[in-house]
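coords_20.pdb, holding PDB, C-alpha atoms, pLDDT in the B column:
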```
ATOM      1  CA  MET A  41     148.318  76.484  84.040  1.00 65.00           C
ATOM      2  CA  ARG A  42     149.259  74.386  87.083  1.00 75.00           C
ATOM      3  CA  TYR A  43     147.086  76.619  89.274  1.00 77.00           C
ATOM      4  CA  TRP A  44     143.962  76.154  87.157  1.00 80.00           C
ATOM      5  CA  LEU A  45     144.499  72.416  86.768  1.00 82.00           C
ATOM      6  CA  ALA A  46     144.966  71.942  90.511  1.00 81.00           C
ATOM      7  CA  LYS A  47     142.046  74.186  91.396  1.00 84.00           C
ATOM      8  CA  ASN A  48     139.408  73.215  88.846  1.00 86.00           C
ATOM      9  CA  LEU A  49     140.207  69.538  88.340  1.00 87.00           C
ATOM     10  CA  VAL A  50     141.206  68.546  91.868  1.00 86.00           C
ATOM     11  CA  VAL A  51     140.619  71.033  94.689  1.00 86.00           C
ATOM     12  CA  VAL A  52     137.141  72.459  94.005  1.00 91.00           C
ATOM     13  CA  PRO A  53     135.567  69.115  92.963  1.00 93.00           C
ATOM     14  CA  LEU A  54     136.929  67.521  96.162  1.00 92.00           C
ATOM     15  CA  LEU A  55     135.668  70.361  98.342  1.00 94.00           C
ATOM     16  CA  ARG A  56     132.169  70.036  96.907  1.00 95.00           C
ATOM     17  CA  LEU A  57     132.237  66.243  97.121  1.00 95.00           C
ATOM     18  CA  LEU A  58     133.407  65.987 100.728  1.00 96.00           C
ATOM     19  CA  TRP A  59     131.651  68.992 102.270  1.00 97.00           C
ATOM     20  CA  ARG A  60     128.670  71.289 101.811  1.00 96.00           C
ATOM     21  CA  PHE A  61     130.572  74.185 100.272  1.00 97.00           C
ATOM     22  CA  GLU A  62     128.585  77.412  99.911  1.00 97.00           C
ATOM     23  CA  VAL A  63     129.757  80.699  98.386  1.00 97.00           C
ATOM     24  CA  ARG A  64     127.998  84.034  98.934  1.00 98.00           C
ATOM     25  CA  GLY A  65     128.579  87.514  97.504  1.00 98.00           C
ATOM     26  CA  VAL A  66     130.828  86.402  94.661  1.00 97.00           C
ATOM     27  CA  HIS A  67     129.529  89.374  92.634  1.00 98.00           C
ATOM     28  CA  ASN A  68     131.574  91.624  94.956  1.00 98.00           C
ATOM     29  CA  ILE A  69     134.851  90.295  93.535  1.00 98.00           C
ATOM     30  CA  PRO A  70     136.182  92.637  90.816  1.00 97.00           C
ATOM     31  CA  LYS A  71     136.035  90.902  87.438  1.00 95.00           C
ATOM     32  CA  ARG A  72     139.327  92.497  86.413  1.00 95.00           C
ATOM     33  CA  GLY A  73     142.138  94.535  87.889  1.00 97.00           C
ATOM     34  CA  ALA A  74     144.018  94.316  91.162  1.00 97.00           C
ATOM     35  CA  ALA A  75     142.380  93.888  94.555  1.00 97.00           C
ATOM     36  CA  ILE A  76     143.175  92.491  97.987  1.00 97.00           C
ATOM     37  CA  MET A  77     141.058  89.665  99.389  1.00 97.00           C
ATOM     38  CA  ALA A  78     141.243  90.026 103.187  1.00 98.00           C
ATOM     39  CA  SER A  79     139.975  86.967 105.056  1.00 97.00           C
ATOM     40  CA  ASN A  80     139.623  85.677 108.586  1.00 98.00           C
ATOM     41  CA  HIS A  81     141.570  82.474 109.249  1.00 96.00           C
ATOM     42  CA  LEU A  82     140.157  79.514 111.186  1.00 97.00           C
ATOM     43  CA  ALA A  83     141.821  76.365 109.815  1.00 94.00           C
ATOM     44  CA  LEU A  84     144.489  75.072 107.451  1.00 88.00           C
ATOM     45  CA  LEU A  85     141.798  74.190 104.922  1.00 91.00           C
ATOM     46  CA  ASP A  86     140.991  77.900 104.499  1.00 93.00           C
ATOM     47  CA  SER A  87     143.832  77.940 101.964  1.00 88.00           C
ATOM     48  CA  ALA A  88     141.728  75.601  99.829  1.00 90.00           C
ATOM     49  CA  PHE A  89     138.209  76.883 100.497  1.00 95.00           C
ATOM     50  CA  VAL A  90     138.835  80.614 100.053  1.00 95.00           C
ATOM     51  CA  PRO A  91     140.818  80.388  96.765  1.00 92.00           C
ATOM     52  CA  GLY A  92     138.325  77.728  95.636  1.00 93.00           C
ATOM     53  CA  ALA A  93     135.502  80.226  96.050  1.00 96.00           C
ATOM     54  CA  ILE A  94     137.221  82.927  93.984  1.00 95.00           C
ATOM     55  CA  PRO A  95     136.681  82.594  90.209  1.00 94.00           C
ATOM     56  CA  ARG A  96     139.905  84.445  89.393  1.00 94.00           C
ATOM     57  CA  HIS A  97     143.500  83.498  90.070  1.00 92.00           C
ATOM     58  CA  VAL A  98     144.462  84.646  93.561  1.00 92.00           C
ATOM     59  CA  ALA A  99     147.870  84.513  95.229  1.00 90.00           C
ATOM     60  CA  PHE A 100     147.674  84.206  99.016  1.00 87.00           C
ATOM     61  CA  LEU A 101     150.458  85.239 101.364  1.00 81.00           C
ATOM     62  CA  GLY A 102     151.245  82.156 103.480  1.00 65.00           C
ATOM     63  CA  LYS A 103     153.530  81.849 106.496  1.00 59.00           C
ATOM     64  CA  GLU A 104     157.000  80.514 105.765  1.00 51.00           C
ATOM     65  CA  GLN A 105     156.522  77.467 108.058  1.00 51.00           C
ATOM     66  CA  LEU A 106     154.070  75.997 105.536  1.00 52.00           C
ATOM     67  CA  PHE A 107     156.862  75.838 102.957  1.00 47.00           C
ATOM     68  CA  ALA A 108     159.401  74.273 105.306  1.00 53.00           C
ATOM     69  CA  GLY A 109     159.808  70.929 107.031  1.00 58.00           C
ATOM     70  CA  ARG A 110     160.666  67.429 105.931  1.00 67.00           C
ATOM     71  CA  GLY A 111     158.728  64.247 105.411  1.00 67.00           C
ATOM     72  CA  LEU A 112     155.844  63.228 103.160  1.00 68.00           C
ATOM     73  CA  ARG A 113     153.249  65.473 104.810  1.00 59.00           C
ATOM     74  CA  ALA A 114     155.505  68.557 104.643  1.00 60.00           C
ATOM     75  CA  ARG A 115     156.261  67.919 100.971  1.00 67.00           C
ATOM     76  CA  PHE A 116     152.562  67.497 100.213  1.00 61.00           C
ATOM     77  CA  VAL A 117     151.649  70.755 101.986  1.00 61.00           C
ATOM     78  CA  ARG A 118     154.451  72.633 100.231  1.00 61.00           C
ATOM     79  CA  SER A 119     153.439  71.283  96.808  1.00 64.00           C
ATOM     80  CA  PHE A 120     149.789  72.104  97.467  1.00 62.00           C
ATOM     81  CA  MET A 121     150.593  75.669  98.542  1.00 62.00           C
ATOM     82  CA  LEU A 122     152.722  76.289  95.471  1.00 61.00           C
ATOM     83  CA  ALA A 123     150.098  74.764  93.162  1.00 63.00           C
ATOM     84  CA  MET A 124     147.462  77.046  94.677  1.00 61.00           C
ATOM     85  CA  GLY A 125     149.576  80.126  94.059  1.00 63.00           C
ATOM     86  CA  GLN A 126     150.640  80.711  97.668  1.00 68.00           C
ATOM     87  CA  LEU A 127     153.443  83.200  98.315  1.00 64.00           C
ATOM     88  CA  GLU A 128     155.819  82.645 101.220  1.00 61.00           C
ATOM     89  CA  ILE A 129     155.942  85.446 103.779  1.00 60.00           C
ATOM     90  CA  ASP A 130     158.437  85.953 106.591  1.00 53.00           C
ATOM     91  CA  ARG A 131     156.620  87.133 109.729  1.00 51.00           C
ATOM     92  CA  GLY A 132     159.757  87.852 111.715  1.00 51.00           C
ATOM     93  CA  GLY A 133     159.626  91.571 111.039  1.00 47.00           C
ATOM     94  CA  GLY A 134     162.255  93.940 109.682  1.00 44.00           C
ATOM     95  CA  SER A 135     163.692  93.726 106.168  1.00 43.00           C
ATOM     96  CA  ALA A 136     162.647  90.081 105.711  1.00 42.00           C
ATOM     97  CA  SER A 137     158.973  90.894 106.260  1.00 48.00           C
ATOM     98  CA  ALA A 138     159.247  93.971 104.033  1.00 49.00           C
ATOM     99  CA  SER A 139     160.732  91.838 101.262  1.00 49.00           C
ATOM    100  CA  SER A 140     157.900  89.323 101.636  1.00 54.00           C
ATOM    101  CA  LEU A 141     155.295  92.064 101.314  1.00 69.00           C
ATOM    102  CA  GLY A 142     157.153  93.203  98.217  1.00 73.00           C
ATOM    103  CA  GLY A 143     155.985  89.999  96.563  1.00 78.00           C
ATOM    104  CA  GLY A 144     152.444  91.104  97.284  1.00 86.00           C
ATOM    105  CA  VAL A 145     153.107  94.497  95.718  1.00 89.00           C
ATOM    106  CA  HIS A 146     154.348  92.740  92.589  1.00 88.00           C
ATOM    107  CA  VAL A 147     151.094  90.761  92.357  1.00 90.00           C
ATOM    108  CA  LEU A 148     148.964  93.889  92.741  1.00 93.00           C
ATOM    109  CA  ARG A 149     150.961  95.941  90.250  1.00 93.00           C
ATOM    110  CA  ALA A 150     150.434  93.154  87.742  1.00 92.00           C
ATOM    111  CA  GLY A 151     146.679  93.717  88.082  1.00 95.00           C
ATOM    112  CA  LYS A 152     146.000  90.458  89.928  1.00 94.00           C
ATOM    113  CA  LEU A 153     144.262  89.410  93.143  1.00 96.00           C
ATOM    114  CA  LEU A 154     146.254  89.095  96.356  1.00 95.00           C
ATOM    115  CA  GLY A 155     144.882  87.179  99.329  1.00 94.00           C
ATOM    116  CA  ILE A 156     145.831  88.057 102.909  1.00 94.00           C
ATOM    117  CA  TYR A 157     144.926  86.768 106.346  1.00 95.00           C
ATOM    118  CA  PRO A 158     145.292  90.033 108.338  1.00 95.00           C
ATOM    119  CA  GLU A 159     145.384  88.139 111.657  1.00 95.00           C
ATOM    120  CA  GLY A 160     148.698  86.666 110.503  1.00 90.00           C
ATOM    121  CA  THR A 161     147.887  83.138 111.681  1.00 90.00           C
ATOM    122  CA  ARG A 162     144.933  80.871 112.454  1.00 92.00           C
ATOM    123  CA  SER A 163     142.637  81.927 115.256  1.00 95.00           C
ATOM    124  CA  PRO A 164     143.453  79.814 118.328  1.00 94.00           C
ATOM    125  CA  ASP A 165     139.924  80.056 119.734  1.00 94.00           C
ATOM    126  CA  GLY A 166     137.478  80.760 116.907  1.00 95.00           C
ATOM    127  CA  ARG A 167     137.359  84.485 117.666  1.00 96.00           C
ATOM    128  CA  LEU A 168     138.521  87.251 115.332  1.00 98.00           C
ATOM    129  CA  HIS A 169     141.796  88.784 116.488  1.00 98.00           C
ATOM    130  CA  ARG A 170     143.582  92.104 116.018  1.00 97.00           C
ATOM    131  CA  GLY A 171     144.846  92.578 112.470  1.00 97.00           C
ATOM    132  CA  ARG A 172     148.471  93.110 111.496  1.00 95.00           C
ATOM    133  CA  THR A 173     149.123  96.388 109.685  1.00 94.00           C
ATOM    134  CA  GLY A 174     151.012  94.815 106.771  1.00 91.00           C
ATOM    135  CA  ILE A 175     147.799  94.939 104.737  1.00 94.00           C
ATOM    136  CA  ALA A 176     147.561  98.694 105.291  1.00 95.00           C
ATOM    137  CA  ARG A 177     151.184  99.185 104.182  1.00 92.00           C
ATOM    138  CA  LEU A 178     150.396  97.325 100.977  1.00 92.00           C
ATOM    139  CA  LEU A 179     147.318  99.466 100.367  1.00 93.00           C
ATOM    140  CA  LEU A 180     149.189 102.728 100.827  1.00 92.00           C
ATOM    141  CA  ASP A 181     151.991 101.551  98.554  1.00 89.00           C
ATOM    142  CA  THR A 182     149.634 100.147  95.914  1.00 90.00           C
ATOM    143  CA  PRO A 183     146.114 101.620  96.295  1.00 91.00           C
ATOM    144  CA  VAL A 184     143.573  98.960  95.295  1.00 96.00           C
ATOM    145  CA  PRO A 185     140.108  97.904  96.526  1.00 97.00           C
ATOM    146  CA  VAL A 186     139.884  95.526  99.487  1.00 98.00           C
ATOM    147  CA  VAL A 187     137.251  92.784  99.464  1.00 98.00           C
ATOM    148  CA  PRO A 188     136.526  91.555 103.017  1.00 98.00           C
ATOM    149  CA  VAL A 189     136.102  87.777 103.207  1.00 98.00           C
ATOM    150  CA  ALA A 190     134.529  85.686 105.961  1.00 98.00           C
ATOM    151  CA  ILE A 191     134.872  81.917 106.147  1.00 98.00           C
ATOM    152  CA  SER A 192     132.854  79.887 108.641  1.00 98.00           C
ATOM    153  CA  GLY A 193     132.753  76.186 109.461  1.00 97.00           C
ATOM    154  CA  SER A 194     136.292  75.264 108.443  1.00 97.00           C
ATOM    155  CA  ASP A 195     137.411  75.045 112.086  1.00 95.00           C
ATOM    156  CA  GLU A 196     134.635  72.545 112.778  1.00 95.00           C
ATOM    157  CA  ILE A 197     135.707  70.157 110.033  1.00 95.00           C
ATOM    158  CA  LEU A 198     139.407  70.525 110.853  1.00 92.00           C
ATOM    159  CA  PRO A 199     139.880  71.629 114.487  1.00 90.00           C
ATOM    160  CA  ARG A 200     143.329  72.763 115.581  1.00 86.00           C
ATOM    161  CA  GLY A 201     145.476  69.699 116.353  1.00 84.00           C
ATOM    162  CA  ALA A 202     143.329  67.273 114.349  1.00 88.00           C
ATOM    163  CA  LYS A 203     145.217  65.062 111.890  1.00 84.00           C
ATOM    164  CA  PHE A 204     142.277  64.395 109.582  1.00 88.00           C
ATOM    165  CA  PRO A 205     139.224  66.500 108.663  1.00 92.00           C
ATOM    166  CA  LYS A 206     135.644  65.540 109.477  1.00 95.00           C
ATOM    167  CA  LEU A 207     133.578  64.851 106.382  1.00 95.00           C
ATOM    168  CA  GLY A 208     130.152  66.183 105.531  1.00 94.00           C
ATOM    169  CA  GLY A 209     130.281  69.512 107.386  1.00 95.00           C
ATOM    170  CA  ARG A 210     129.196  72.867 106.003  1.00 97.00           C
ATOM    171  CA  VAL A 211     131.646  75.614 105.041  1.00 98.00           C
ATOM    172  CA  ILE A 212     130.514  79.069 103.918  1.00 98.00           C
ATOM    173  CA  VAL A 213     132.703  81.694 102.245  1.00 98.00           C
ATOM    174  CA  THR A 214     131.169  85.186 102.097  1.00 98.00           C
ATOM    175  CA  PHE A 215     132.533  88.147 100.127  1.00 98.00           C
ATOM    176  CA  GLY A 216     131.632  91.667 101.239  1.00 98.00           C
ATOM    177  CA  GLU A 217     131.492  94.865  99.233  1.00 98.00           C
ATOM    178  CA  PRO A 218     134.864  96.305  98.113  1.00 98.00           C
ATOM    179  CA  MET A 219     136.394  98.894 100.447  1.00 98.00           C
ATOM    180  CA  ASP A 220     138.225 102.011  99.239  1.00 96.00           C
ATOM    181  CA  PHE A 221     141.098 103.548 101.222  1.00 96.00           C
ATOM    182  CA  SER A 222     142.394 105.976  98.602  1.00 92.00           C
ATOM    183  CA  ARG A 223     141.633 108.828 101.039  1.00 92.00           C
ATOM    184  CA  TYR A 224     144.775 107.834 102.947  1.00 92.00           C
ATOM    185  CA  ALA A 225     147.123 108.183  99.967  1.00 85.00           C
ATOM    186  CA  GLY A 226     150.587 109.466 100.904  1.00 82.00           C
ATOM    187  CA  LEU A 227     150.333 108.601 104.615  1.00 88.00           C
ATOM    188  CA  THR A 228     152.495 105.483 104.505  1.00 84.00           C
ATOM    189  CA  GLU A 229     154.546 106.415 107.574  1.00 86.00           C
ATOM    190  CA  ASP A 230     151.625 107.375 109.796  1.00 93.00           C
ATOM    191  CA  ARG A 231     151.166 104.460 112.237  1.00 94.00           C
ATOM    192  CA  PHE A 232     147.765 105.771 113.318  1.00 96.00           C
ATOM    193  CA  VAL A 233     146.558 105.627 109.719  1.00 96.00           C
ATOM    194  CA  LEU A 234     147.957 102.109 109.334  1.00 96.00           C
ATOM    195  CA  ARG A 235     146.040 101.009 112.426  1.00 97.00           C
ATOM    196  CA  ALA A 236     142.843 102.796 111.351  1.00 97.00           C
ATOM    197  CA  ILE A 237     142.841 101.076 107.951  1.00 97.00           C
ATOM    198  CA  THR A 238     143.525  97.671 109.460  1.00 97.00           C
ATOM    199  CA  ASP A 239     140.851  98.053 112.140  1.00 98.00           C
ATOM    200  CA  GLU A 240     138.255  99.125 109.580  1.00 98.00           C
ATOM    201  CA  ILE A 241     138.952  96.010 107.525  1.00 98.00           C
ATOM    202  CA  MET A 242     138.754  93.785 110.607  1.00 98.00           C
ATOM    203  CA  HIS A 243     135.448  95.377 111.627  1.00 98.00           C
ATOM    204  CA  GLU A 244     133.954  94.507 108.253  1.00 98.00           C
ATOM    205  CA  ILE A 245     135.238  90.929 108.447  1.00 98.00           C
ATOM    206  CA  LYS A 246     133.668  90.716 111.917  1.00 98.00           C
ATOM    207  CA  ARG A 247     130.344  91.928 110.536  1.00 98.00           C
ATOM    208  CA  LEU A 248     130.395  89.297 107.801  1.00 98.00           C
ATOM    209  CA  SER A 249     131.597  86.403 109.956  1.00 97.00           C
ATOM    210  CA  GLY A 250     129.652  87.131 113.120  1.00 97.00           C
ATOM    211  CA  GLN A 251     132.740  86.289 115.170  1.00 97.00           C
ATOM    212  CA  GLU A 252     133.499  87.835 118.524  1.00 97.00           C
ATOM    213  CA  TYR A 253     136.358  90.319 118.149  1.00 97.00           C
ATOM    214  CA  VAL A 254     139.251  90.556 120.613  1.00 96.00           C
ATOM    215  CA  ASP A 255     141.853  93.322 120.413  1.00 95.00           C
ATOM    216  CA  VAL A 256     144.769  90.908 120.879  1.00 95.00           C
ATOM    217  CA  TYR A 257     147.046  89.418 118.217  1.00 94.00           C
ATOM    218  CA  ALA A 258     146.249  85.757 117.543  1.00 93.00           C
ATOM    219  CA  SER A 259     149.908  84.821 118.003  1.00 88.00           C
ATOM    220  CA  ASN A 260     149.897  86.360 121.481  1.00 88.00           C
ATOM    221  CA  ALA A 261     146.610  84.711 122.422  1.00 81.00           C
ATOM    222  CA  ARG A 262     148.258  81.286 122.035  1.00 62.00           C
ATOM    223  CA  ARG A 263     150.849  82.039 124.687  1.00 53.00           C
ATOM    224  CA  PRO A 264     150.036  80.654 128.153  1.00 47.00           C
ATOM    225  CA  ALA A 265     149.512  83.243 130.853  1.00 51.00           C
ATOM    226  CA  LYS A 266     152.403  83.730 133.250  1.00 50.00           C
ATOM    227  CA  THR A 267     151.866  82.586 136.802  1.00 46.00           C
ATOM    228  CA  GLY A 268     153.429  83.637 140.075  1.00 43.00           C
TER     229      GLY A 268
END
```
Represent the structure contained in this file as structure tokens.
Amino acid sequence: MRYWLAKNLVVVPLLRLLWRFEVRGVHNIPKRGAAIMASNHLALLDSAFVPGAIPRHVAFLGKEQLFAGRGLRARFVRSFMLAMGQLEIDRGGGSASASSLGGGVHVLRAGKLLGIYPEGTRSPDGRLHRGRTGIARLLLDTPVPVVPVAISGSDEILPRGAKFPKLGGRVIVTFGEPMDFSRYAGLTEDRFVLRAITDEIMHEIKRLSGQEYVDVYASNARRPAKTG
């Protein structure tokens, strides 16, 4: 109930009031049953625009830092994420990350939509970066369709480092045709299969978004180059 109240009475009306919010390909979203919504990630506001474009309830995996911190802004972000159905994920690797992905499995086995940013974090430069294979592990554990999602314009209204968004810009969310990876069933431990699935999803997101693709993790791309 809280999700629908927050989304339909607050979030979506505000998005359409403050920006030119356009949604394409919504017919590609399954009307029922489990599916993964795999999206590129350009700005913090993606966690409002992408769920706002999806007519069904969707739970997005969000990095644990968004649920932490103190102060008024941190409390607001945490409350917003929880209201929008965000699930906290530990990106540190090992058993903590596996447990976090387990929350995603629970969502899918309940027949619901799970949202994932395969890049793992926001793009530092507007390009599409190498995907993390967690999405492939989920698919092999719980075979469901994957709907590729491309958002554009959100980084222009809220550039990295900006405290307040620019009003009046245009944001487009595009949904591609569902992708089926059932042919890889039973190959959970094959790292080449995990990479192949992830790369195929990223290629489709690239096609929809028109972004330049770089085969480097977004988290690594933020690190300054060593000198000397």
Self-check item: Near-segment 64-80 of chain A list (6 Å; only C-alpha atoms; drop same-chain fewer than 5 positions) as a list in words
Solution: Leu148, Gly151, Lys152, Leu153, Leu154, Gly155, Ile156, Tyr157, Val184, Pro185, Val186, Val187, Pro188, Val189, Ala190, Thr214, Phe215 and Glu217 of chain A
Next, the residues of the selection above should be written as a PDB file, in the coordinates of the input with C-alpha atoms.
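Result file follows (again_36.pdb):
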```
ATOM      1  CA  LEU A 148     148.964  93.889  92.741  1.00 93.00           C
ATOM      2  CA  GLY A 151     146.679  93.717  88.082  1.00 95.00           C
ATOM      3  CA  LYS A 152     146.000  90.458  89.928  1.00 94.00           C
ATOM      4  CA  LEU A 153     144.262  89.410  93.143  1.00 96.00           C
ATOM      5  CA  LEU A 154     146.254  89.095  96.356  1.00 95.00           C
ATOM      6  CA  GLY A 155     144.882  87.179  99.329  1.00 94.00           C
ATOM      7  CA  ILE A 156     145.831  88.057 102.909  1.00 94.00           C
ATOM      8  CA  TYR A 157     144.926  86.768 106.346  1.00 95.00           C
ATOM      9  CA  VAL A 184     143.573  98.960  95.295  1.00 96.00           C
ATOM     10  CA  PRO A 185     140.108  97.904  96.526  1.00 97.00           C
ATOM     11  CA  VAL A 186     139.884  95.526  99.487  1.00 98.00           C
ATOM     12  CA  VAL A 187     137.251  92.784  99.464  1.00 98.00           C
ATOM     13  CA  PRO A 188     136.526  91.555 103.017  1.00 98.00           C
ATOM     14  CA  VAL A 189     136.102  87.777 103.207  1.00 98.00           C
ATOM     15  CA  ALA A 190     134.529  85.686 105.961  1.00 98.00           C
ATOM     16  CA  THR A 214     131.169  85.186 102.097  1.00 98.00           C
ATOM     17  CA  PHE A 215     132.533  88.147 100.127  1.00 98.00           C
ATOM     18  CA  GLU A 217     131.492  94.865  99.233  1.00 98.00           C
TER      19      GLU A 217
END
```
Quiz prompt | Residues matched by the PyMOL selection byres ((chain A and resi 88) around 9), written as a list in words | solution = Lys47, Val51, Val52, Leu55, Leu84, Leu85, Asp86, Ser87, Phe89, Val90, Pro91, Gly92, Ala93, Met121 and Met124 of chain A
Exercise. One decimal, Å: what's the distance from atom CA of Lys203 of chain A over to atom CA of Phe100 of chain A, could you say?
Key: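 These two atoms are separated by 23.2 Å.
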Box time for segment 46-55 of chain A: axis-aligned, enclosing all its listed atoms, 4 Å extra on each side; report centre and edge lengths in Å to one decimal, as lines of an AutoDock Vina configuration file.
```
center_x = 140.3
center_y = 70.9
center_z = 93.3
size_x = 17.4
size_y = 14.7
size_z = 18.0
```
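Interatomic distance, atom CA of Arg60 of chain A to atom CA of Met219 of chain A: 28.7 Å.
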Quiz item: Could you state the separation of atom CA of Met242 of chain A and atom CA of Arg172 of chain A in Å, given to one decimal place?
Solution: 9.8 Å
Quiz prompt | Distance criterion (all atoms listed in the file): nearest to Ala261 of chain A out of A:Ala225, A:Ile241, A:Leu168, A:Ala236 | solution =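 With all atoms listed in the file as the atom set, the closest residue is A:Leu168.
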Practice problem: Quick one: apply the PyMOL selection byres ((chain A and resi 169) around 9) to the file and drop the selected residues here as a VMD selection string. | Solution: chain A and resid 80 158 to 159 163 167 to 168 170 to 171 242 252 to 258 261
Practice problem: I need the residue set behind the PyMOL selection byres ((chain A and resi 248) around 8) for this file; please write it as a PyMOL selection string. | Solution: chain A and resi 189-190+214+216+244-247+249-250
Exercise. Find, counting only C-alpha atoms, the residue in A:Val211, A:Ala176, A:Leu101, A:Ala46 that gets nearest to Gly144 of chain A.
Key: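 That would be A:Leu101, the residue with the smallest distance to Gly144 of chain A.
Distances here use all atoms listed in the file; by that measure, the residue among A:Ala202, A:Leu207, A:Leu234, A:Ser192 closest to Leu179 of chain A is A:Leu234.
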As an mmCIF file, in the frame of the given file, the rebuilt segment 188-194 of chain A with all heavy atoms:
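Heads up, here's the output in result.cif:
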```cif
data_model
loop_
_atom_site.group_PDB
_atom_site.id
_atom_site.type_symbol
_atom_site.label_atom_id
_atom_site.label_comp_id
_atom_site.auth_asym_id
_atom_site.auth_seq_id
_atom_site.Cartn_x
_atom_site.Cartn_y
_atom_site.Cartn_z
ATOM 1 N N PRO A 188 136.515 92.324 101.772
ATOM 2 C CA PRO A 188 136.526 91.555 103.017
ATOM 3 C C PRO A 188 135.927 90.176 102.799
ATOM 4 O O PRO A 188 134.931 90.033 102.076
ATOM 5 C CB PRO A 188 135.667 92.399 103.961
ATOM 6 C CG PRO A 188 134.746 93.146 103.054
ATOM 7 C CD PRO A 188 135.520 93.410 101.795
ATOM 8 N N VAL A 189 136.535 89.165 103.398
ATOM 9 C CA VAL A 189 136.102 87.777 103.207
ATOM 10 C C VAL A 189 135.894 87.128 104.572
ATOM 11 O O VAL A 189 136.717 87.283 105.474
ATOM 12 C CB VAL A 189 137.146 86.962 102.417
ATOM 13 C CG1 VAL A 189 136.614 85.567 102.115
ATOM 14 C CG2 VAL A 189 137.535 87.682 101.131
ATOM 15 N N ALA A 190 134.803 86.403 104.710
ATOM 16 C CA ALA A 190 134.529 85.686 105.961
ATOM 17 C C ALA A 190 134.296 84.215 105.653
ATOM 18 O O ALA A 190 133.429 83.871 104.845
ATOM 19 C CB ALA A 190 133.306 86.275 106.654
ATOM 20 N N ILE A 191 135.073 83.349 106.282
ATOM 21 C CA ILE A 191 134.872 81.917 106.147
ATOM 22 C C ILE A 191 134.353 81.385 107.480
ATOM 23 O O ILE A 191 134.797 81.815 108.544
ATOM 24 C CB ILE A 191 136.171 81.187 105.730
ATOM 25 C CG1 ILE A 191 135.898 79.695 105.510
ATOM 26 C CG2 ILE A 191 137.291 81.410 106.732
ATOM 27 C CD1 ILE A 191 137.029 78.965 104.815
ATOM 28 N N SER A 192 133.394 80.495 107.427
ATOM 29 C CA SER A 192 132.854 79.887 108.641
ATOM 30 C C SER A 192 132.708 78.384 108.441
ATOM 31 O O SER A 192 132.437 77.926 107.328
ATOM 32 C CB SER A 192 131.499 80.499 109.005
ATOM 33 O OG SER A 192 130.543 80.249 107.988
ATOM 34 N N GLY A 193 132.919 77.633 109.507
ATOM 35 C CA GLY A 193 132.753 76.186 109.461
ATOM 36 C C GLY A 193 134.011 75.397 109.234
ATOM 37 O O GLY A 193 134.052 74.190 109.524
ATOM 38 N N SER A 194 135.066 76.020 108.744
ATOM 39 C CA SER A 194 136.292 75.264 108.443
ATOM 40 C C SER A 194 136.960 74.751 109.710
ATOM 41 O O SER A 194 137.602 73.697 109.703
ATOM 42 C CB SER A 194 137.269 76.124 107.630
ATOM 43 O OG SER A 194 137.622 77.299 108.345
#
```
